[in-house]
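Raw protein10.cif, mmCIF, C-alpha atoms and all ligand atoms:
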```cif
data_coords
#
loop_
_atom_site.label_atom_id
_atom_site.label_comp_id
_atom_site.auth_asym_id
_atom_site.auth_seq_id
_atom_site.Cartn_x
_atom_site.Cartn_y
_atom_site.Cartn_z
CA MET A 1 1.47 -25.58 2.94
CA MET A 2 -1.67 -25.91 5.03
CA ASN A 3 -1.76 -27.79 8.30
CA SER A 4 -4.28 -30.59 8.78
CA PHE A 5 -6.33 -28.56 11.25
CA VAL A 6 -7.03 -26.06 8.51
CA GLU A 7 -7.92 -28.69 5.93
CA ASP A 8 -10.37 -30.36 8.29
CA ASN A 9 -12.32 -27.17 8.47
CA ALA A 10 -12.01 -26.17 4.85
CA SER A 11 -15.49 -27.43 4.09
CA ALA A 12 -17.20 -25.20 6.69
CA GLU A 13 -19.93 -23.36 4.87
CA SER A 14 -21.58 -21.38 7.62
CA PHE A 15 -20.44 -18.98 10.33
CA ASP A 16 -22.37 -21.17 12.78
CA SER A 17 -19.67 -23.84 12.52
CA PHE A 18 -17.11 -21.58 14.26
CA SER A 19 -18.83 -21.47 17.68
CA LEU A 20 -18.75 -17.68 17.74
CA HIS A 21 -20.47 -15.58 20.40
CA PRO A 22 -24.14 -14.86 19.51
CA ASP A 23 -23.44 -11.08 19.47
CA LEU A 24 -20.88 -11.63 16.74
CA LEU A 25 -23.11 -13.95 14.72
CA ARG A 26 -25.81 -11.29 14.88
CA ALA A 27 -23.40 -8.63 13.57
CA VAL A 28 -22.18 -10.93 10.79
CA LYS A 29 -25.78 -11.51 9.76
CA GLU A 30 -26.62 -7.84 9.85
CA LEU A 31 -23.57 -7.02 7.71
CA GLY A 32 -24.97 -9.42 5.12
CA PHE A 33 -22.12 -11.95 5.32
CA SER A 34 -24.02 -15.11 4.44
CA ARG A 35 -21.04 -17.44 4.16
CA PRO A 36 -17.42 -17.27 5.31
CA THR A 37 -14.86 -16.51 2.61
CA PRO A 38 -12.03 -19.03 1.99
CA VAL A 39 -9.55 -17.14 4.18
CA GLN A 40 -12.13 -17.02 6.97
CA VAL A 41 -12.81 -20.75 6.63
CA GLN A 42 -9.09 -21.42 7.01
CA ALA A 43 -8.02 -18.80 9.53
CA ILE A 44 -10.84 -18.59 12.08
CA PRO A 45 -10.40 -22.11 13.54
CA VAL A 46 -6.60 -21.76 13.71
CA ILE A 47 -6.76 -18.41 15.51
CA SER A 48 -9.53 -19.66 17.81
CA ALA A 49 -7.28 -22.58 18.74
CA GLY A 50 -4.69 -20.09 19.99
CA ARG A 51 -2.04 -20.60 17.29
CA ASP A 52 0.10 -18.02 15.57
CA LEU A 53 -0.69 -17.71 11.90
CA THR A 54 1.03 -16.52 8.74
CA GLY A 55 -1.48 -15.84 6.00
CA THR A 56 -1.08 -14.93 2.36
CA ALA A 57 -4.27 -13.25 1.30
CA GLN A 58 -5.08 -10.32 -0.91
CA THR A 59 -7.10 -7.29 0.05
CA GLY A 60 -10.74 -8.01 -0.69
CA SER A 61 -10.51 -11.63 0.48
CA GLY A 62 -12.24 -10.90 3.78
CA LYS A 63 -9.00 -11.22 5.78
CA THR A 64 -9.85 -8.40 8.21
CA ALA A 65 -12.91 -10.26 9.52
CA ALA A 66 -10.89 -13.50 9.34
CA TYR A 67 -8.66 -12.27 12.18
CA LEU A 68 -11.06 -9.90 13.94
CA LEU A 69 -13.88 -12.43 14.44
CA PRO A 70 -11.87 -14.96 16.48
CA ILE A 71 -10.12 -12.13 18.32
CA LEU A 72 -13.44 -10.46 19.22
CA ASN A 73 -14.76 -13.84 20.28
CA TRP A 74 -11.78 -14.27 22.58
CA LEU A 75 -12.34 -10.76 23.99
CA LEU A 76 -15.97 -11.52 24.76
CA VAL A 77 -14.95 -14.65 26.63
CA ALA A 78 -12.14 -12.79 28.45
CA ARG A 79 -14.60 -10.04 29.36
CA SER A 80 -16.91 -12.45 31.11
CA ASP A 81 -14.02 -13.38 33.41
CA PRO A 82 -14.85 -11.65 36.75
CA SER A 83 -11.15 -11.17 37.52
CA ALA A 84 -10.67 -9.09 34.36
CA PRO A 85 -9.90 -5.42 35.08
CA HIS A 86 -12.79 -3.01 34.73
CA HIS A 87 -10.94 -0.27 32.92
CA PRO A 88 -10.42 -1.57 29.39
CA ARG A 89 -6.80 -2.25 28.53
CA THR A 90 -5.46 -2.70 25.05
CA ARG A 91 -5.58 -6.39 24.26
CA VAL A 92 -5.18 -6.23 20.48
CA LEU A 93 -2.71 -4.26 18.39
CA VAL A 94 -3.09 -4.27 14.61
CA LEU A 95 -0.14 -2.70 12.76
CA VAL A 96 -0.93 -1.44 9.27
CA PRO A 97 0.98 0.45 6.57
CA THR A 98 -1.38 3.36 5.92
CA ARG A 99 -3.90 5.62 7.59
CA GLU A 100 -6.54 4.33 5.16
CA LEU A 101 -6.04 0.79 6.37
CA ALA A 102 -5.98 1.89 10.04
CA LEU A 103 -9.39 3.50 9.54
CA GLN A 104 -10.66 0.49 7.61
CA VAL A 105 -9.62 -1.96 10.34
CA GLU A 106 -11.16 0.29 13.01
CA GLY A 107 -14.37 0.39 10.91
CA VAL A 108 -14.58 -3.40 10.51
CA ALA A 109 -13.86 -3.88 14.25
CA LYS A 110 -16.67 -1.47 15.14
CA ASP A 111 -19.04 -3.12 12.66
CA LEU A 112 -18.39 -6.60 14.01
CA ALA A 113 -18.46 -5.42 17.65
CA ARG A 114 -21.65 -3.38 17.23
CA PHE A 115 -23.62 -5.52 19.71
CA THR A 116 -20.81 -5.55 22.26
CA LYS A 117 -19.09 -2.91 24.38
CA ILE A 118 -15.70 -3.55 22.82
CA ARG A 119 -13.98 -0.38 21.62
CA ALA A 120 -11.57 0.22 18.77
CA ALA A 121 -9.42 3.21 17.83
CA ALA A 122 -7.32 4.12 14.80
CA VAL A 123 -3.93 5.76 15.28
CA TYR A 124 -2.05 7.26 12.32
CA GLY A 125 0.18 10.17 11.41
CA GLY A 126 -0.47 13.40 9.55
CA VAL A 127 -3.20 14.57 11.96
CA GLY A 128 -3.15 16.03 15.50
CA MET A 129 -2.18 13.72 18.38
CA GLU A 130 -4.86 14.99 20.78
CA PRO A 131 -8.00 13.05 19.72
CA GLN A 132 -5.95 9.84 19.51
CA THR A 133 -4.38 10.53 22.91
CA LYS A 134 -7.84 10.95 24.40
CA ALA A 135 -9.13 7.71 22.88
CA LEU A 136 -6.05 5.76 24.01
CA ARG A 137 -6.12 7.15 27.53
CA ALA A 138 -9.84 6.48 27.92
CA GLY A 139 -9.06 2.81 27.34
CA VAL A 140 -9.64 0.84 24.20
CA GLU A 141 -9.36 -2.89 23.57
CA ILE A 142 -8.38 -2.77 19.90
CA VAL A 143 -5.82 -0.35 18.44
CA ALA A 144 -5.21 -0.22 14.68
CA ALA A 145 -2.07 1.83 14.10
CA THR A 146 0.61 2.85 11.67
CA PRO A 147 4.02 2.17 13.26
CA GLY A 148 5.51 5.69 13.25
CA ARG A 149 2.63 7.40 15.01
CA LEU A 150 2.20 4.51 17.42
CA LEU A 151 5.82 4.96 18.55
CA ASP A 152 5.10 8.66 19.19
CA HIS A 153 2.23 7.65 21.49
CA MET A 154 4.30 4.94 23.15
CA GLY A 155 7.07 7.49 23.75
CA ILE A 156 4.83 9.78 25.78
CA GLY A 157 3.10 7.03 27.71
CA ASN A 158 -0.28 7.10 25.98
CA THR A 159 -0.35 3.35 25.50
CA ARG A 160 -0.21 0.41 27.87
CA PHE A 161 0.47 -2.94 26.31
CA ASP A 162 1.15 -4.94 29.49
CA ARG A 163 -2.09 -6.92 28.94
CA LEU A 164 -1.72 -7.26 25.19
CA SER A 165 -2.84 -10.67 23.91
CA PHE A 166 -2.83 -10.26 20.11
CA LEU A 167 -0.44 -8.62 17.70
CA VAL A 168 -1.58 -8.53 14.07
CA LEU A 169 0.61 -7.35 11.19
CA ASP A 170 -1.69 -6.55 8.31
CA GLU A 171 -0.28 -6.03 4.80
CA ALA A 172 3.17 -6.82 6.15
CA ASP A 173 4.77 -6.59 2.69
CA ARG A 174 3.56 -3.02 2.23
CA MET A 175 4.81 -2.07 5.69
CA LEU A 176 8.28 -3.32 4.81
CA ASP A 177 8.16 -1.56 1.42
CA ILE A 178 7.42 1.72 3.13
CA GLY A 179 10.43 1.18 5.37
CA PHE A 180 8.63 0.40 8.62
CA MET A 181 10.85 -2.57 9.56
CA PRO A 182 12.90 -0.67 12.22
CA ASP A 183 9.74 0.82 13.74
CA ILE A 184 8.04 -2.59 13.80
CA ARG A 185 11.04 -4.09 15.58
CA ARG A 186 11.09 -1.28 18.17
CA ILE A 187 7.38 -1.80 18.85
CA VAL A 188 7.54 -5.60 19.06
CA GLU A 189 10.47 -5.41 21.52
CA ARG A 190 8.19 -3.62 23.95
CA LEU A 191 5.25 -6.05 23.77
CA PRO A 192 4.58 -9.00 26.05
CA THR A 193 6.00 -12.22 24.60
CA ASN A 194 3.10 -14.44 25.70
CA ARG A 195 0.87 -13.12 22.96
CA GLN A 196 -0.64 -14.59 19.80
CA THR A 197 0.91 -13.14 16.64
CA LEU A 198 -0.86 -13.10 13.29
CA LEU A 199 0.76 -11.88 10.10
CA PHE A 200 -1.02 -11.24 6.82
CA SER A 201 0.61 -10.27 3.58
CA ALA A 202 -0.42 -10.22 -0.08
CA THR A 203 3.04 -11.45 -1.07
CA MET A 204 5.69 -13.42 0.80
CA PRO A 205 9.13 -12.10 -0.19
CA PRO A 206 12.09 -13.30 1.96
CA ALA A 207 12.08 -10.15 4.14
CA VAL A 208 8.47 -10.78 5.21
CA ALA A 209 9.12 -14.48 5.81
CA SER A 210 12.12 -13.70 8.03
CA LEU A 211 10.18 -11.05 9.96
CA ALA A 212 7.45 -13.64 10.53
CA ALA A 213 9.98 -16.23 11.70
CA SER A 214 11.51 -13.78 14.18
CA ILE A 215 8.28 -12.71 15.89
CA GLN A 216 6.08 -15.83 15.68
CA LYS A 217 6.03 -19.23 17.35
CA ASP A 218 5.32 -22.23 15.14
CA PRO A 219 2.79 -20.40 12.98
CA ALA A 220 0.13 -22.22 10.97
CA GLN A 221 0.37 -21.32 7.29
CA VAL A 222 -2.75 -20.26 5.47
CA SER A 223 -2.68 -19.33 1.83
CA VAL A 224 -5.53 -18.04 -0.27
CA GLY A 225 -4.94 -17.41 -3.93
CA GLU A 226 -1.52 -17.12 -5.46
CA ALA A 227 1.36 -16.25 -3.14
CA LEU A 228 3.42 -13.95 -5.28
CA ALA A 229 7.08 -13.14 -4.79
CA ARG A 230 6.24 -9.53 -5.60
CA PRO A 231 3.05 -7.56 -6.24
CA LYS A 232 1.47 -7.60 -9.66
CA ILE A 233 0.97 -4.44 -11.68
CA PRO A 234 -2.65 -3.59 -10.85
CA ASP A 235 -5.20 -4.03 -13.61
CA GLY A 236 -7.03 -0.95 -14.76
CA ILE A 237 -3.93 1.19 -15.19
CA ASP A 238 -3.59 2.94 -18.50
CA HIS A 239 0.14 2.83 -19.33
CA LYS A 240 1.52 5.28 -21.88
CA ILE A 241 4.99 5.89 -23.21
CA TYR A 242 6.29 9.14 -24.62
CA PRO A 243 9.53 8.54 -26.53
CA ILE A 244 11.57 11.73 -26.16
CA PRO A 245 15.21 12.81 -26.10
CA MET A 246 16.50 13.41 -22.59
CA HIS A 247 17.00 17.17 -23.04
CA LEU A 248 13.37 17.73 -24.14
CA LYS A 249 11.72 15.91 -21.23
CA THR A 250 10.81 19.04 -19.25
CA ALA A 251 9.24 20.78 -22.26
CA LEU A 252 7.26 17.62 -23.05
CA LEU A 253 6.13 17.26 -19.44
CA VAL A 254 4.70 20.79 -19.51
CA ARG A 255 2.98 19.98 -22.80
CA ILE A 256 1.39 16.80 -21.39
CA LEU A 257 0.19 18.66 -18.30
CA LYS A 258 -1.37 21.34 -20.49
CA ASP A 259 -3.12 18.88 -22.76
CA SER A 260 -5.54 17.19 -20.38
CA PRO A 261 -6.99 17.92 -16.93
CA MET A 262 -4.92 16.23 -14.23
CA PRO A 263 -6.12 17.03 -10.71
CA SER A 264 -3.22 15.43 -8.85
CA VAL A 265 -0.03 14.29 -10.44
CA LEU A 266 2.87 12.46 -8.86
CA VAL A 267 6.04 12.91 -10.90
CA PHE A 268 9.00 10.61 -10.34
CA ALA A 269 12.55 11.68 -11.11
CA ARG A 270 15.68 9.54 -10.91
CA THR A 271 17.81 11.73 -8.64
CA ARG A 272 17.37 14.46 -6.02
CA HIS A 273 19.00 16.94 -8.32
CA ARG A 274 16.64 16.09 -11.19
CA ALA A 275 13.61 16.23 -8.87
CA ASP A 276 14.64 19.74 -7.74
CA MET A 277 15.15 20.80 -11.33
CA VAL A 278 11.77 19.45 -12.51
CA ALA A 279 9.93 21.05 -9.57
CA ALA A 280 11.58 24.41 -10.24
CA GLU A 281 10.74 24.25 -13.98
CA LEU A 282 7.11 23.34 -13.27
CA ALA A 283 6.80 26.18 -10.75
CA ARG A 284 8.25 28.53 -13.39
CA ALA A 285 5.63 27.26 -15.85
CA GLY A 286 2.93 28.32 -13.37
CA TYR A 287 2.06 25.02 -11.67
CA THR A 288 1.60 24.54 -7.94
CA VAL A 289 4.23 22.02 -7.00
CA LYS A 290 6.06 20.50 -4.03
CA CYS A 291 9.09 18.28 -4.03
CA ILE A 292 10.18 15.45 -1.74
CA HIS A 293 13.52 13.67 -1.60
CA SER A 294 15.96 12.59 1.04
CA ASP A 295 17.49 16.06 1.51
CA PHE A 296 14.21 17.16 3.07
CA SER A 297 13.48 16.35 6.70
CA GLN A 298 10.64 13.96 7.55
CA PRO A 299 8.40 16.85 8.81
CA GLU A 300 9.07 18.74 5.55
CA ARG A 301 8.15 15.67 3.53
CA ILE A 302 4.97 15.14 5.53
CA ALA A 303 4.02 18.82 5.07
CA ALA A 304 4.56 18.53 1.29
CA LEU A 305 2.53 15.35 1.21
CA GLU A 306 -0.31 16.92 3.21
CA ALA A 307 -0.43 19.89 0.81
CA PHE A 308 -0.60 17.44 -2.09
CA ARG A 309 -3.20 15.26 -0.44
CA ALA A 310 -5.38 18.27 0.42
CA ARG A 311 -5.07 19.31 -3.27
CA LYS A 312 -3.42 22.60 -2.29
CA VAL A 313 -0.74 21.73 -4.82
CA GLN A 314 -1.41 19.92 -8.07
CA ILE A 315 1.94 18.25 -8.51
CA LEU A 316 4.31 16.38 -6.22
CA VAL A 317 7.76 15.59 -7.57
CA ALA A 318 9.49 12.71 -5.78
CA THR A 319 12.38 10.30 -5.89
CA ASP A 320 11.69 6.60 -5.27
CA ILE A 321 13.40 6.54 -1.90
CA ALA A 322 11.45 9.52 -0.54
CA ALA A 323 8.15 8.19 -1.87
CA ARG A 324 8.68 4.80 -0.20
CA GLY A 325 8.50 6.36 3.24
CA LEU A 326 5.20 8.06 2.58
CA ASP A 327 1.61 7.03 2.36
CA ILE A 328 0.57 8.31 -1.05
CA GLU A 329 -2.21 6.68 -2.97
CA ASP A 330 -5.46 7.34 -4.77
CA ILE A 331 -4.04 9.84 -7.18
CA SER A 332 -5.16 10.14 -10.79
CA HIS A 333 -1.81 10.35 -12.60
CA VAL A 334 1.71 9.07 -12.17
CA ILE A 335 4.29 10.48 -14.56
CA ASN A 336 7.68 8.86 -14.77
CA TYR A 337 9.89 11.76 -15.77
CA ASP A 338 12.61 9.15 -15.65
CA LEU A 339 12.00 5.44 -15.88
CA PRO A 340 12.83 3.60 -12.64
CA GLN A 341 15.88 1.33 -12.43
CA SER A 342 13.84 -1.77 -11.60
CA VAL A 343 10.50 -3.32 -12.43
CA GLU A 344 9.74 -3.37 -8.68
CA ASP A 345 10.04 0.40 -8.53
CA TYR A 346 7.75 0.74 -11.54
CA ILE A 347 5.15 -1.38 -9.75
CA HIS A 348 5.50 0.74 -6.61
CA ARG A 349 5.12 3.94 -8.54
CA VAL A 350 2.11 3.02 -10.66
CA GLY A 351 0.44 1.17 -7.79
CA ARG A 352 -0.24 4.56 -6.24
CA THR A 353 -2.74 5.36 -8.93
CA GLY A 354 -5.91 3.54 -9.77
CA ARG A 355 -6.74 2.29 -6.30
CA ALA A 356 -10.02 4.05 -5.53
CA GLU A 357 -11.41 4.62 -9.01
CA ALA A 358 -9.96 1.31 -10.24
CA THR A 359 -8.47 3.21 -13.16
CA GLY A 360 -5.45 5.43 -13.27
CA GLU A 361 -2.88 6.68 -15.69
CA ALA A 362 0.84 6.05 -15.74
CA ALA A 363 2.84 7.97 -18.34
CA SER A 364 6.55 7.44 -18.86
CA LEU A 365 8.92 9.78 -20.64
CA VAL A 366 11.45 7.45 -22.22
CA SER A 367 14.71 8.47 -23.83
CA LEU A 368 16.90 6.21 -25.96
CA GLU A 369 19.16 5.64 -22.97
CA GLU A 370 16.23 4.12 -21.07
CA LEU A 371 14.96 1.68 -23.71
CA HIS A 372 16.51 -1.35 -22.05
CA GLN A 373 14.62 -0.58 -18.81
CA LEU A 374 11.43 -0.21 -20.83
CA ALA A 375 11.78 -3.72 -22.30
CA ALA A 376 11.77 -5.26 -18.81
CA ILE A 377 8.78 -3.20 -17.72
CA GLU A 378 6.76 -4.07 -20.83
CA ALA A 379 7.54 -7.73 -20.32
CA GLU A 380 6.07 -7.44 -16.80
CA ILE A 381 2.96 -5.61 -18.01
CA GLY A 382 2.57 -8.43 -20.51
CA ARG A 383 1.61 -6.38 -23.51
CA SER A 384 2.93 -3.60 -25.70
CA VAL A 385 2.32 -0.15 -24.30
CA PRO A 386 1.15 2.57 -26.69
CA ARG A 387 3.72 5.18 -27.74
CA LEU A 388 2.52 8.77 -27.95
CA PHE A 389 4.29 11.34 -30.06
CA TYR A 390 3.70 15.04 -30.30
CA PRO A 391 4.51 15.67 -33.93
CA GLY A 392 6.16 18.98 -34.53
CA PHE A 393 7.52 18.83 -31.04
CA ALA A 394 11.04 20.16 -31.57
CA ASP A 395 10.21 20.05 -35.30
CA GLY A 396 9.41 16.37 -35.16
CA ALA A 397 13.02 15.63 -35.93
CA GLU A 398 13.98 14.93 -32.35
CA SER A 399 11.42 12.23 -31.66
CA PRO A 400 13.49 9.16 -32.38
CA GLN A 401 10.72 6.70 -33.14
CA ALA A 402 8.00 8.95 -34.57
CA PRO A 403 6.16 7.24 -37.39
CA PRO A 404 6.36 9.10 -40.68
CA GLY A 405 3.62 11.46 -41.87
CA THR A 406 2.69 12.75 -38.42
CA ALA A 407 4.29 16.19 -38.48
CA ALA A 408 1.11 18.17 -39.32
CA ARG A 409 -0.93 16.94 -36.31
CA THR A 410 -1.28 18.94 -33.09
CA GLY A 411 -2.41 16.32 -30.53
CA PRO A 412 -0.35 13.26 -29.81
CA VAL A 413 -0.23 10.42 -32.31
CA VAL A 414 -0.59 6.96 -30.83
CA TYR A 415 1.36 4.00 -32.07
CA THR A 416 1.22 0.58 -30.45
CA PRO A 417 4.06 -1.71 -31.49
CA PRO A 418 3.30 -5.38 -32.20
CA PRO A 419 3.62 -7.70 -29.21
CA GLN A 420 7.12 -8.83 -28.30
CA ARG A 421 7.99 -12.39 -29.22
CA PRO A 422 9.58 -14.34 -26.37
CA GLY A 423 13.35 -14.09 -26.50
CA VAL A 424 13.34 -11.14 -28.91
CA ARG A 425 14.04 -7.79 -27.35
CA ARG A 426 12.60 -5.22 -29.68
CA GLY A 427 14.20 -1.83 -30.01
CA VAL A 428 16.87 -2.52 -27.46
CA ARG A 429 19.94 -0.43 -27.88
CA ARG A 430 22.42 -0.23 -25.11
CA THR A 431 24.51 2.86 -24.63
CA ARG A 432 28.11 2.44 -23.68
P1 LIG B 1 -11.00 -7.30 3.40
O1 LIG B 1 -10.30 -8.30 2.55
O2 LIG B 1 -10.91 -7.62 4.84
O3 LIG B 1 -10.59 -5.90 3.07
O4 LIG B 1 -12.58 -7.40 3.07
C1 LIG B 1 -13.12 -7.07 1.82
C2 LIG B 1 -14.63 -6.85 1.88
O5 LIG B 1 -15.33 -8.07 2.03
C3 LIG B 1 -15.09 -5.94 3.01
O6 LIG B 1 -15.94 -4.98 2.46
C4 LIG B 1 -15.85 -6.85 3.93
O7 LIG B 1 -16.91 -6.17 4.55
C5 LIG B 1 -16.37 -7.93 3.01
N1 LIG B 1 -16.53 -9.25 3.64
C6 LIG B 1 -15.74 -9.82 4.57
N2 LIG B 1 -16.18 -11.06 4.87
C7 LIG B 1 -17.27 -11.29 4.13
C8 LIG B 1 -18.18 -12.40 3.98
N3 LIG B 1 -18.03 -13.52 4.68
N4 LIG B 1 -19.19 -12.29 3.11
C9 LIG B 1 -19.34 -11.16 2.39
N5 LIG B 1 -18.54 -10.08 2.47
C10 LIG B 1 -17.50 -10.14 3.31
#
```
Hey, can you dump this file as structure tokens for me?
Amino acid sequence: MMNSFVEDNASAESFDSFSLHPDLLRAVKELGFSRPTPVQVQAIPVISAGRDLTGTAQTGSGKTAAYLLPILNWLLVARSDPSAPHHPRTRVLVLVPTRELALQVEGVAKDLARFTKIRAAAVYGGVGMEPQTKALRAGVEIVAATPGRLLDHMGIGNTRFDRLSFLVLDEADRMLDIGFMPDIRRIVERLPTNRQTLLFSATMPPAVASLAASIQKDPAQVSVGEALARPKIPDGIDHKIYPIPMHLKTALLVRILKDSPMPSVLVFARTRHRADMVAAELARAGYTVKCIHSDFSQPERIAALEAFRARKVQILVATDIAARGLDIEDISHVINYDLPQSVEDYIHRVGRTGRAEATGEAASLVSLEELHQLAAIEAEIGRSVPRLFYPGFADGAESPQAPPGTAARTGPVVYTPPPQRPGVRRGVRRTR
């Protein structure tokens, strides 16, 4: 639901209608933003009026500028106040789920503030503390941070939030998915309460709505596009299914890895034990591999992730729980050694591929025992996913659904089943 204030301004077609500082209008012009996007049309007046705001908007909607422009405008006005302290204090904290987003927000802030003296810094884990400590201690008005690393800085006194005026939670749903809720709560507890709080999220599941309710005061609601209860499976992902008996999964995985170049592969296994086993088998087959699951400490998981991210190892084997706590994206291939228990987990897993290049590959090794999970996943994808068979693999006899006449081929044979009719669950066989 939109409030009337928002609707009144929904026809604004130019940045001039927002009464922004000339330095900001100049930057907007130079960046080539000719007209405000819908989320900017709705959000800028609400934020400028001093209200809290809950916004559902997807990445790519222009939401970063939607909150940064009115905030920067406020900062420019606050700056001209002669009683304002000379040494810049942090007035704006933007919490984000990933280092990529922290850098992106810092970049947009610097772009929009290019004709001003306002400073911005990004704070995120996985790199040394020192440069961030220096930036924070020198004084910076805008901090874009991931929650874990920010708490480290708060713990050693590198931050001062006593003059904080804005708290922004960007991509709140992803932050909660990653498991940042306790960190967010610890941070918010230590912030001044007379602040303006803005929360943006692509989806509005109950956990995000209740977080919003607990940290905001009478927020205006702004919604651009569809507010989904959960994220969609991204377009541009090439889904593949390899039907295979459970006991042949490792041999098939090695075969798939051999068959085509895969620079970085994230393999998901159902349990810690299976993840260990898969990692050990892949190492034995000559692959560089690391493993993460909840038996490893957080520093060990971060070290494994860094090795994977730096392409020092080709393969990372993970369980869902371990992967949720880590910032892993922009990889070329996800392989589901085991299918996940829920459609949500499938979306989380495959969403890690195909971000940067807009295409990615998600292969699933599916045994008979997992067919019922597959039906739910295919229903979510909305189309039949091709089945790939390696004929002759274990003499062809083991592949339960291999079409006839394929035994002589060496590469995989592709078979795409006809689309499912509503209410008919094809190939479902439950094991007892
Ligand atoms: P965001 O949704 O904040 O990630 O923004 C997506 C992209 O849209 C960024 O590259 C912005 O630079 C760009 N952008 C933001 N606002 C506008 C605008 N009013 N006109 C054109 N591009 C914009």
Which residues of chain A come within 10 Å of ligand LIG 1 (chain B), and what is each one's closest atom pair and distance in Å (one decimal), counting only C-alpha atoms and all ligand atoms, sorted by chain and residue number, as JSON lines?
```
{"residue": "A:Ser14", "atom": "CA", "partner": "B:LIG1", "partner_atom": "N3", "distance": 9.1}
{"residue": "A:Phe15", "atom": "CA", "partner": "B:LIG1", "partner_atom": "N3", "distance": 8.2}
{"residue": "A:Val28", "atom": "CA", "partner": "B:LIG1", "partner_atom": "N3", "distance": 7.8}
{"residue": "A:Lys29", "atom": "CA", "partner": "B:LIG1", "partner_atom": "N4", "distance": 9.4}
{"residue": "A:Leu31", "atom": "CA", "partner": "B:LIG1", "partner_atom": "O7", "distance": 7.4}
{"residue": "A:Gly32", "atom": "CA", "partner": "B:LIG1", "partner_atom": "C9", "distance": 6.5}
{"residue": "A:Phe33", "atom": "CA", "partner": "B:LIG1", "partner_atom": "N4", "distance": 3.7}
{"residue": "A:Ser34", "atom": "CA", "partner": "B:LIG1", "partner_atom": "N4", "distance": 5.7}
{"residue": "A:Arg35", "atom": "CA", "partner": "B:LIG1", "partner_atom": "N3", "distance": 5.0}
{"residue": "A:Pro36", "atom": "CA", "partner": "B:LIG1", "partner_atom": "N3", "distance": 3.9}
{"residue": "A:Thr37", "atom": "CA", "partner": "B:LIG1", "partner_atom": "N3", "distance": 4.8}
{"residue": "A:Pro38", "atom": "CA", "partner": "B:LIG1", "partner_atom": "N3", "distance": 8.6}
{"residue": "A:Val39", "atom": "CA", "partner": "B:LIG1", "partner_atom": "O1", "distance": 9.0}
{"residue": "A:Gln40", "atom": "CA", "partner": "B:LIG1", "partner_atom": "N3", "distance": 7.2}
{"residue": "A:Val41", "atom": "CA", "partner": "B:LIG1", "partner_atom": "N3", "distance": 9.1}
{"residue": "A:Ala57", "atom": "CA", "partner": "B:LIG1", "partner_atom": "O1", "distance": 7.9}
{"residue": "A:Gln58", "atom": "CA", "partner": "B:LIG1", "partner_atom": "O1", "distance": 6.6}
{"residue": "A:Thr59", "atom": "CA", "partner": "B:LIG1", "partner_atom": "O1", "distance": 4.2}
{"residue": "A:Gly60", "atom": "CA", "partner": "B:LIG1", "partner_atom": "O1", "distance": 3.3}
{"residue": "A:Ser61", "atom": "CA", "partner": "B:LIG1", "partner_atom": "O1", "distance": 3.9}
{"residue": "A:Gly62", "atom": "CA", "partner": "B:LIG1", "partner_atom": "O1", "distance": 3.5}
{"residue": "A:Lys63", "atom": "CA", "partner": "B:LIG1", "partner_atom": "O2", "distance": 4.2}
{"residue": "A:Thr64", "atom": "CA", "partner": "B:LIG1", "partner_atom": "O2", "distance": 3.6}
{"residue": "A:Ala65", "atom": "CA", "partner": "B:LIG1", "partner_atom": "C6", "distance": 5.7}
{"residue": "A:Ala66", "atom": "CA", "partner": "B:LIG1", "partner_atom": "N2", "distance": 7.3}
{"residue": "A:Tyr67", "atom": "CA", "partner": "B:LIG1", "partner_atom": "O2", "distance": 9.0}
{"residue": "A:Leu68", "atom": "CA", "partner": "B:LIG1", "partner_atom": "O2", "distance": 9.4}
{"residue": "A:Leu69", "atom": "CA", "partner": "B:LIG1", "partner_atom": "N2", "distance": 9.9}
{"residue": "A:Leu101", "atom": "CA", "partner": "B:LIG1", "partner_atom": "O3", "distance": 8.7}
{"residue": "A:Gln104", "atom": "CA", "partner": "B:LIG1", "partner_atom": "O3", "distance": 7.8}
{"residue": "A:Val105", "atom": "CA", "partner": "B:LIG1", "partner_atom": "O2", "distance": 8.0}
{"residue": "A:Gly107", "atom": "CA", "partner": "B:LIG1", "partner_atom": "O7", "distance": 9.5}
{"residue": "A:Val108", "atom": "CA", "partner": "B:LIG1", "partner_atom": "O7", "distance": 7.0}
{"residue": "A:Asp111", "atom": "CA", "partner": "B:LIG1", "partner_atom": "O7", "distance": 8.9}
{"residue": "A:Leu112", "atom": "CA", "partner": "B:LIG1", "partner_atom": "O7", "distance": 9.6}
{"residue": "A:Asp170", "atom": "CA", "partner": "B:LIG1", "partner_atom": "O2", "distance": 9.9}
```
Which neighbours of region 141-146 of chain A fall inside 7 Å, counting all atoms listed in the file, when residues of the same chain fewer than 3 positions from it are skipped, and could you give them as a PyMOL selection string?
-> chain A and resi 88-99+102+105-106+118-124+149-150
Extract, using all atoms listed in the file, all DNA, RNA and protein residues at most 12 Å from Lys249 (chain A), discarding same-chain residues fewer than 4 positions from it, and format them as a ChimeraX atom specification.
-> /A:242-245,253-256,269,274,277-278,281-282,335-339,364-368,393-394,398-399
When you draw a straight line from CA of Val46 (chain A) to CA of Ser223 (chain A), how long is it in Å?
->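 Going from CA of Val46 (chain A) over to CA of Ser223 (chain A), I get 12.7 Å.
The gap separating CA of Arg137 (chain A) from CA of Leu72 (chain A) is 20.8 Å, in Å to one decimal.
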Which residues, written as a list in words, have at least one atom at most 9 Å from Leu388 (chain A), with all atoms listed in the file counted and residues fewer than 3 positions away on the same chain left out?
->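 With the cut-off at 9 Å, the set is Lys240, Ile241, Tyr242, Pro243, Ala402, Pro412, Val413, Val414, Tyr415 and Thr416 of chain A.
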